[in-house]
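Trainee: Structure below; questions to follow.
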Amino acid sequence: MKAAIYQEKPISIHGKTDDCLEISDRLLPRAEKELGAFARAVNKLFGSAHAGQSIEDWVEEFESIDWPAGSTTPNWRRVTIVAAARLASRVEIKTEDREKENHR
């Protein structure tokens with residue numbers, strides 16, 4: 001048995017058929033799934049301290065999304081990639097600091 005392939009539907013912010021509730025009903029569960037998966041991965045790999053900050057980074061990036069009229073569903077992976085890049089920057093800085101302390 002083959003699984004059905006999911007297809008994105010265009011979302012029109014200013015459309016006549018889509019109201020705010022319909023849009024949020026379609027967008028928020030997807031965003032929550034993406035954020036949840038990201039948070040679990042960060043927590044597992046880097047611990048709860050990094051997970052908390054990474055969740056904040058993800059939400060900040062989510063809030064900064066430009067929502068042009070007639071656009072398709074936002075690319076949640078892009079939000080996750082930006083948050084992961086911030087995490088990598090923090091982890092890299094801490095690693096460099098530890099290496100400097102070890103060489104003293």
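Identifiers in this document derive from the order of the structure tokens: chains are assigned A, B, ..., residues are numbered from 1 separately in each chain, and ligands are numbered from 1 in order of occurrence.
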For Ala84 of chain A, list every protein, DNA or RNA residue within 9 Å, evaluated using only C-alpha atoms, and leave out those in the same chain fewer than 2 positions away; present the list as a list in words.

Mentor: Phe38, Val42, Ser54, Asp57, Trp58, Val79, Thr80, Ile81, Val82, Arg86, Leu87, Ala88 and Ser89 of chain A

Trainee: Could you turn the residues from that selection into a file that holds C-alpha atoms, as an mmCIF file, in the first residue's frame?

Mentor:
```cif
data_model
loop_
_atom_site.group_PDB
_atom_site.id
_atom_site.type_symbol
_atom_site.label_atom_id
_atom_site.label_comp_id
_atom_site.auth_asym_id
_atom_site.auth_seq_id
_atom_site.Cartn_x
_atom_site.Cartn_y
_atom_site.Cartn_z
ATOM 1 C CA PHE A 38 13.924 20.721 15.851
ATOM 2 C CA VAL A 42 18.720 19.994 19.695
ATOM 3 C CA SER A 54 17.231 27.410 19.871
ATOM 4 C CA ASP A 57 15.725 31.543 17.760
ATOM 5 C CA TRP A 58 13.205 29.475 15.773
ATOM 6 C CA VAL A 79 13.168 28.750 9.572
ATOM 7 C CA THR A 80 14.802 25.664 11.086
ATOM 8 C CA ILE A 81 17.989 26.117 9.075
ATOM 9 C CA VAL A 82 18.370 29.712 10.275
ATOM 10 C CA ARG A 86 22.537 30.320 15.153
ATOM 11 C CA LEU A 87 22.987 27.199 17.293
ATOM 12 C CA ALA A 88 26.095 26.229 15.340
ATOM 13 C CA SER A 89 27.517 29.690 15.884
#
```

Trainee: Find the residues around Phe62 of chain A up to 12 Å (only C-alpha atoms counted), leave out those fewer than 3 positions away in its own chain, and share them as a CSV table (one decimal) with N, CA and C atoms, in the first residue's frame.

Mentor:
```
chain,number,residue,atom,x,y,z
A,27,LEU,N,-1.7,26.3,8.8
A,27,LEU,CA,-0.3,26.6,9.0
A,27,LEU,C,0.3,26.2,10.3
A,28,LEU,N,-0.4,26.5,11.4
A,28,LEU,CA,0.1,26.2,12.7
A,28,LEU,C,0.5,24.8,13.0
A,31,ALA,N,3.9,24.2,11.5
A,31,ALA,CA,4.9,24.9,12.2
A,31,ALA,C,5.2,24.2,13.5
A,32,GLU,N,4.2,23.8,14.2
A,32,GLU,CA,4.4,23.1,15.5
A,32,GLU,C,5.2,21.8,15.3
A,34,GLU,N,7.4,21.1,12.9
A,34,GLU,CA,8.7,21.5,12.5
A,34,GLU,C,9.5,21.9,13.8
A,35,LEU,N,8.9,22.8,14.6
A,35,LEU,CA,9.5,23.3,15.8
A,35,LEU,C,9.8,22.2,16.8
A,55,ILE,N,14.9,27.2,20.5
A,55,ILE,CA,13.5,27.4,20.4
A,55,ILE,C,13.2,28.9,20.2
A,56,GLU,N,13.8,29.7,21.0
A,56,GLU,CA,13.6,31.2,20.9
A,56,GLU,C,14.1,31.7,19.5
A,57,ASP,N,15.2,31.2,19.1
A,57,ASP,CA,15.7,31.5,17.8
A,57,ASP,C,14.7,31.2,16.7
A,58,TRP,N,14.2,30.0,16.8
A,58,TRP,CA,13.2,29.5,15.8
A,58,TRP,C,12.0,30.4,15.7
A,59,VAL,N,11.5,30.7,16.9
A,59,VAL,CA,10.3,31.6,17.0
A,59,VAL,C,10.6,33.0,16.4
A,65,ILE,N,9.1,36.1,9.2
A,65,ILE,CA,8.7,35.7,7.9
A,65,ILE,C,7.9,36.8,7.2
A,66,ASP,N,8.3,37.1,6.0
A,66,ASP,CA,7.5,38.0,5.1
A,66,ASP,C,6.3,37.2,4.5
A,67,TRP,N,5.1,37.7,4.7
A,67,TRP,CA,4.0,37.0,4.2
A,67,TRP,C,3.3,37.7,3.0
A,74,PRO,N,4.6,28.8,4.0
A,74,PRO,CA,6.0,29.1,4.3
A,74,PRO,C,6.9,27.9,4.4
A,75,ASN,N,8.2,28.1,4.0
A,75,ASN,CA,9.1,27.0,4.1
A,75,ASN,C,9.7,26.9,5.5
A,76,TRP,N,9.1,26.0,6.3
A,76,TRP,CA,9.4,25.8,7.7
A,76,TRP,C,10.9,25.4,7.8
A,77,ARG,N,11.4,24.6,6.9
A,77,ARG,CA,12.8,24.2,6.9
A,77,ARG,C,13.7,25.3,6.9
A,78,ARG,N,13.4,26.4,6.2
A,78,ARG,CA,14.2,27.6,6.1
A,78,ARG,C,14.3,28.2,7.5
A,79,VAL,N,13.2,28.2,8.2
A,79,VAL,CA,13.2,28.8,9.6
A,79,VAL,C,14.1,27.9,10.4
A,80,THR,N,14.0,26.6,10.3
A,80,THR,CA,14.8,25.7,11.1
A,80,THR,C,16.3,25.8,10.7
A,81,ILE,N,16.6,26.0,9.5
A,81,ILE,CA,18.0,26.1,9.1
A,81,ILE,C,18.6,27.4,9.7
A,82,VAL,N,17.9,28.5,9.7
A,82,VAL,CA,18.4,29.7,10.3
A,82,VAL,C,18.6,29.5,11.8
A,83,ALA,N,17.7,28.9,12.5
A,83,ALA,CA,17.8,28.6,13.9
A,83,ALA,C,19.0,27.7,14.1
```

Trainee: Could you please determine the separation between atom CA of Ala51 of chain A and atom CA of Pro29 of chain A in Å, to one decimal place?

Mentor: 20.0 Å

Trainee: Measure the distance from atom CA of Glu92 of chain A to atom CA of Ala37 of chain A in Å and round it to one decimal.

Mentor: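 It comes out at 22.1 Å.
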